[in-house]
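The data block below is start.pdb; it holds PDB, C-alpha atoms, pLDDT in the B column.
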```pdb
ATOM      1  CA  MET A 150     180.675 -21.925 143.615  1.00 87.00           C
ATOM      2  CA  ARG A 151     177.069 -22.003 142.478  1.00 94.00           C
ATOM      3  CA  PHE A 152     177.786 -22.453 138.758  1.00 97.00           C
ATOM      4  CA  LYS A 153     180.940 -24.606 138.856  1.00 96.00           C
ATOM      5  CA  ASP A 154     181.577 -26.081 135.386  1.00 93.00           C
ATOM      6  CA  LYS A 155     178.139 -25.085 134.074  1.00 97.00           C
ATOM      7  CA  VAL A 156     178.166 -23.816 130.489  1.00 97.00           C
ATOM      8  CA  ALA A 157     176.486 -20.413 130.272  1.00 98.00           C
ATOM      9  CA  LEU A 158     175.697 -18.929 126.860  1.00 97.00           C
ATOM     10  CA  ILE A 159     175.118 -15.213 127.394  1.00 98.00           C
ATOM     11  CA  THR A 160     174.174 -12.642 124.754  1.00 96.00           C
ATOM     12  CA  ALA A 161     175.008  -8.918 124.855  1.00 96.00           C
ATOM     13  CA  VAL A 162     178.009  -9.740 127.025  1.00 97.00           C
ATOM     14  CA  GLY A 163     179.946  -6.652 125.945  1.00 95.00           C
ATOM     15  CA  SER A 164     178.102  -4.304 128.286  1.00 94.00           C
ATOM     16  CA  GLY A 165     175.140  -3.770 130.601  1.00 94.00           C
ATOM     17  CA  ILE A 166     173.097  -6.623 132.034  1.00 95.00           C
ATOM     18  CA  GLY A 167     174.794  -9.224 129.835  1.00 97.00           C
ATOM     19  CA  ARG A 168     178.251  -8.183 131.033  1.00 97.00           C
ATOM     20  CA  ALA A 169     177.215  -8.002 134.687  1.00 97.00           C
ATOM     21  CA  THR A 170     175.563 -11.427 134.508  1.00 97.00           C
ATOM     22  CA  ALA A 171     178.610 -12.966 132.835  1.00 98.00           C
ATOM     23  CA  ASP A 172     180.974 -11.414 135.401  1.00 97.00           C
ATOM     24  CA  ILE A 173     178.981 -12.851 138.307  1.00 97.00           C
ATOM     25  CA  MET A 174     178.593 -16.281 136.745  1.00 97.00           C
ATOM     26  CA  ALA A 175     182.294 -16.452 135.829  1.00 97.00           C
ATOM     27  CA  LYS A 176     183.233 -15.647 139.440  1.00 96.00           C
ATOM     28  CA  GLU A 177     180.868 -18.437 140.519  1.00 96.00           C
ATOM     29  CA  GLY A 178     182.629 -21.011 138.303  1.00 97.00           C
ATOM     30  CA  ALA A 179     180.636 -21.035 135.059  1.00 98.00           C
ATOM     31  CA  VAL A 180     182.232 -21.457 131.664  1.00 98.00           C
ATOM     32  CA  ILE A 181     181.071 -18.339 129.827  1.00 98.00           C
ATOM     33  CA  ILE A 182     180.314 -18.418 126.115  1.00 98.00           C
ATOM     34  CA  GLY A 183     179.901 -14.715 125.500  1.00 98.00           C
ATOM     35  CA  VAL A 184     178.071 -13.398 122.442  1.00 98.00           C
ATOM     36  CA  ASP A 185     178.084  -9.811 121.231  1.00 97.00           C
ATOM     37  CA  ASN A 186     178.043  -8.098 117.842  1.00 95.00           C
ATOM     38  CA  ASP A 187     180.636  -5.537 118.987  1.00 96.00           C
ATOM     39  CA  GLU A 188     183.874  -7.483 118.669  1.00 97.00           C
ATOM     40  CA  ARG A 189     185.965  -4.919 120.569  1.00 98.00           C
ATOM     41  CA  ARG A 190     183.669  -4.897 123.608  1.00 97.00           C
ATOM     42  CA  LEU A 191     183.349  -8.684 123.413  1.00 98.00           C
ATOM     43  CA  ALA A 192     187.129  -9.129 123.451  1.00 98.00           C
ATOM     44  CA  MET A 193     187.521  -6.706 126.353  1.00 97.00           C
ATOM     45  CA  ALA A 194     184.851  -8.490 128.402  1.00 97.00           C
ATOM     46  CA  MET A 195     186.307 -11.951 127.760  1.00 98.00           C
ATOM     47  CA  GLU A 196     189.821 -10.765 128.596  1.00 97.00           C
ATOM     48  CA  ALA A 197     188.659  -9.187 131.861  1.00 97.00           C
ATOM     49  CA  MET A 198     186.866 -12.381 132.929  1.00 97.00           C
ATOM     50  CA  ASN A 199     189.825 -14.586 132.041  1.00 97.00           C
ATOM     51  CA  MET A 200     192.282 -12.242 133.792  1.00 96.00           C
ATOM     52  CA  SER A 201     190.235 -12.475 136.989  1.00 94.00           C
ATOM     53  CA  GLY A 202     190.371 -16.277 136.981  1.00 94.00           C
ATOM     54  CA  GLY A 203     187.221 -17.067 135.017  1.00 95.00           C
ATOM     55  CA  ARG A 204     186.835 -19.172 131.893  1.00 97.00           C
ATOM     56  CA  ALA A 205     185.335 -17.124 129.079  1.00 98.00           C
ATOM     57  CA  ILE A 206     185.233 -17.564 125.318  1.00 98.00           C
ATOM     58  CA  GLY A 207     183.849 -14.918 122.998  1.00 98.00           C
ATOM     59  CA  ARG A 208     181.796 -15.670 119.908  1.00 97.00           C
ATOM     60  CA  PRO A 209     181.050 -12.581 117.796  1.00 97.00           C
ATOM     61  CA  ALA A 210     177.486 -12.765 116.500  1.00 97.00           C
ATOM     62  CA  ASN A 211     174.280 -10.804 116.135  1.00 94.00           C
ATOM     63  CA  ALA A 212     171.847 -12.422 118.574  1.00 90.00           C
ATOM     64  CA  LEU A 213     168.900 -11.208 116.474  1.00 88.00           C
ATOM     65  CA  ASP A 214     170.094 -13.125 113.398  1.00 91.00           C
ATOM     66  CA  GLN A 215     168.781 -16.703 113.564  1.00 90.00           C
ATOM     67  CA  SER A 216     171.563 -18.178 111.407  1.00 94.00           C
ATOM     68  CA  GLU A 217     174.231 -16.590 113.613  1.00 95.00           C
ATOM     69  CA  VAL A 218     172.488 -17.860 116.755  1.00 92.00           C
ATOM     70  CA  ASP A 219     172.304 -21.354 115.248  1.00 93.00           C
ATOM     71  CA  GLU A 220     176.041 -21.259 114.503  1.00 96.00           C
ATOM     72  CA  VAL A 221     177.002 -20.202 118.036  1.00 96.00           C
ATOM     73  CA  VAL A 222     174.710 -22.790 119.637  1.00 94.00           C
ATOM     74  CA  ALA A 223     176.000 -25.565 117.359  1.00 94.00           C
ATOM     75  CA  TRP A 224     179.604 -24.612 118.142  1.00 96.00           C
ATOM     76  CA  THR A 225     178.891 -24.556 121.880  1.00 96.00           C
ATOM     77  CA  ALA A 226     177.121 -27.920 121.775  1.00 93.00           C
ATOM     78  CA  LYS A 227     180.019 -29.443 119.813  1.00 95.00           C
ATOM     79  CA  GLN A 228     182.625 -28.068 122.235  1.00 95.00           C
ATOM     80  CA  TYR A 229     180.799 -28.675 125.513  1.00 95.00           C
ATOM     81  CA  GLY A 230     177.987 -31.118 124.737  1.00 94.00           C
ATOM     82  CA  ASN A 231     175.254 -28.851 126.026  1.00 91.00           C
ATOM     83  CA  VAL A 232     174.221 -25.448 127.294  1.00 94.00           C
ATOM     84  CA  ASP A 233     173.293 -25.445 130.986  1.00 96.00           C
ATOM     85  CA  ILE A 234     172.319 -21.777 131.252  1.00 96.00           C
ATOM     86  CA  LEU A 235     171.001 -19.500 128.503  1.00 95.00           C
ATOM     87  CA  VAL A 236     170.781 -15.760 129.167  1.00 96.00           C
ATOM     88  CA  ASN A 237     169.375 -13.577 126.393  1.00 93.00           C
ATOM     89  CA  ALA A 238     170.280 -10.082 127.564  1.00 94.00           C
ATOM     90  CA  VAL A 239     170.104  -8.468 124.132  1.00 89.00           C
ATOM     91  CA  GLY A 240     167.674  -5.589 123.674  1.00 79.00           C
ATOM     92  CA  GLY A 241     165.487  -7.380 121.129  1.00 60.00           C
ATOM     93  CA  SER A 242     163.866 -10.721 120.551  1.00 55.00           C
ATOM     94  CA  HIS A 243     163.719 -13.578 118.103  1.00 54.00           C
ATOM     95  CA  ASP A 244     162.584 -17.202 118.072  1.00 58.00           C
ATOM     96  CA  HIS A 245     165.441 -19.242 119.554  1.00 56.00           C
ATOM     97  CA  ARG A 246     164.100 -22.781 119.146  1.00 60.00           C
ATOM     98  CA  GLN A 247     167.565 -24.017 118.072  1.00 56.00           C
ATOM     99  CA  ALA A 248     169.119 -22.773 121.322  1.00 57.00           C
ATOM    100  CA  ARG A 249     166.430 -24.393 123.466  1.00 59.00           C
ATOM    101  CA  ARG A 250     167.095 -27.822 121.937  1.00 61.00           C
ATOM    102  CA  HIS A 251     170.552 -27.838 123.572  1.00 58.00           C
ATOM    103  CA  CYS A 252     169.459 -26.617 126.996  1.00 59.00           C
ATOM    104  CA  ARG A 253     168.758 -29.033 129.818  1.00 58.00           C
TER     105      ARG A 253
END
```

Could you take the file, read its structure, and then write that structure out as structure tokens?
Amino acid sequence: MRFKDKVALITAVGSGIGRATADIMAKEGAVIIGVDNDERRLAMAMEAMNMSGGRAIGRPANALDQSEVDEVVAWTAKQYGNVDILVNAVGGSHDHRQARRHCR
């Protein structure tokens, strides 16, 4: 398992590249912190990963809103101590200095 016990914070996890990345990493042992602004798709993705033996927790947030990103990163750091892998698969961009401070 390439990502055993690594904490992976992945945006746009409800569909597309974000979902595919999260699925692969979950199967390879990562703890997935999934972020998406579509709560229904987020819940479905997290449930599917958990049902297939992965460890996935959903955090609804808009990855283009800095305050929401800060909240998710702070929560993840408090729960897990760090973020090992950060995947920004959302179709936009923003300055994520807060997220980088918790990445190794």

Report summary line: Students should find that atom CA of A:Ala179 and atom CA of A:Lys155 are spaced 4.9 Å

Hey, what comes out of the PyMOL selection byres ((chain A and resi 152) around 6) on this file? Could you write it as a PDB file with C-alpha atoms, in the frame of the given file?
```pdb
ATOM      1  CA  MET A 150     180.675 -21.925 143.615  1.00 87.00           C
ATOM      2  CA  ARG A 151     177.069 -22.003 142.478  1.00 94.00           C
ATOM      3  CA  LYS A 153     180.940 -24.606 138.856  1.00 96.00           C
ATOM      4  CA  LYS A 155     178.139 -25.085 134.074  1.00 97.00           C
ATOM      5  CA  GLU A 177     180.868 -18.437 140.519  1.00 96.00           C
ATOM      6  CA  GLY A 178     182.629 -21.011 138.303  1.00 97.00           C
ATOM      7  CA  ALA A 179     180.636 -21.035 135.059  1.00 98.00           C
TER       8      ALA A 179
END
```

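Atom CA of A:Asn186 to atom CA of A:Glu217 spans 10.2 Å [interatomic distance, one decimal].
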
Query - Point-to-point distance from atom CA of A:Val221 to atom CA of A:Gly202, Å rounded to tenths - result: 23.5 Å

Could you put an axis-aligned box around every listed atom of stretch 230-233 of chain A, padded by 6 Å on each side, and send me its centre and edge lengths in Å to one decimal, as AutoDock Vina command-line options?
```
--center_x 175.6 --center_y -28.3 --center_z 127.9 --size_x 16.7 --size_y 17.7 --size_z 18.2
```

Report task. Give as a VMD selection string the residues that the PyMOL selection byres ((chain A and resi 205-215) around 9) matches when applied to the coordinates above. Result -> chain A and resid 160 to 162 171 175 179 to 188 191 to 192 194 to 196 198 to 199 203 to 204 216 to 221 237 239 241 to 245 247

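Each of A:Arg168, A:Lys227, A:Lys176, A:Arg190 was checked against A:Asp154 using only C-alpha atoms; the smallest atom-to-atom distance is that of A:Lys176.
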
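If you measure from each of A:Ala169, A:Ala197, A:Ala238, A:Met174 to A:Val156 using only C-alpha atoms, the closest one turns out to be A:Met174.
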
Requested in this report: Any chance you could resolve the PyMOL selection byres ((chain A and resi 232) around 8) against this file and give the residues as a ChimeraX atom specification?
Outcome: /A:155-158,225-226,229-231,233-235,251-253

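With only C-alpha atoms as the atoms that count, the minimum distance from A:Arg189 to the choices A:Gly240, A:Trp224, A:Ser164, A:Ile159 is reached by A:Ser164.
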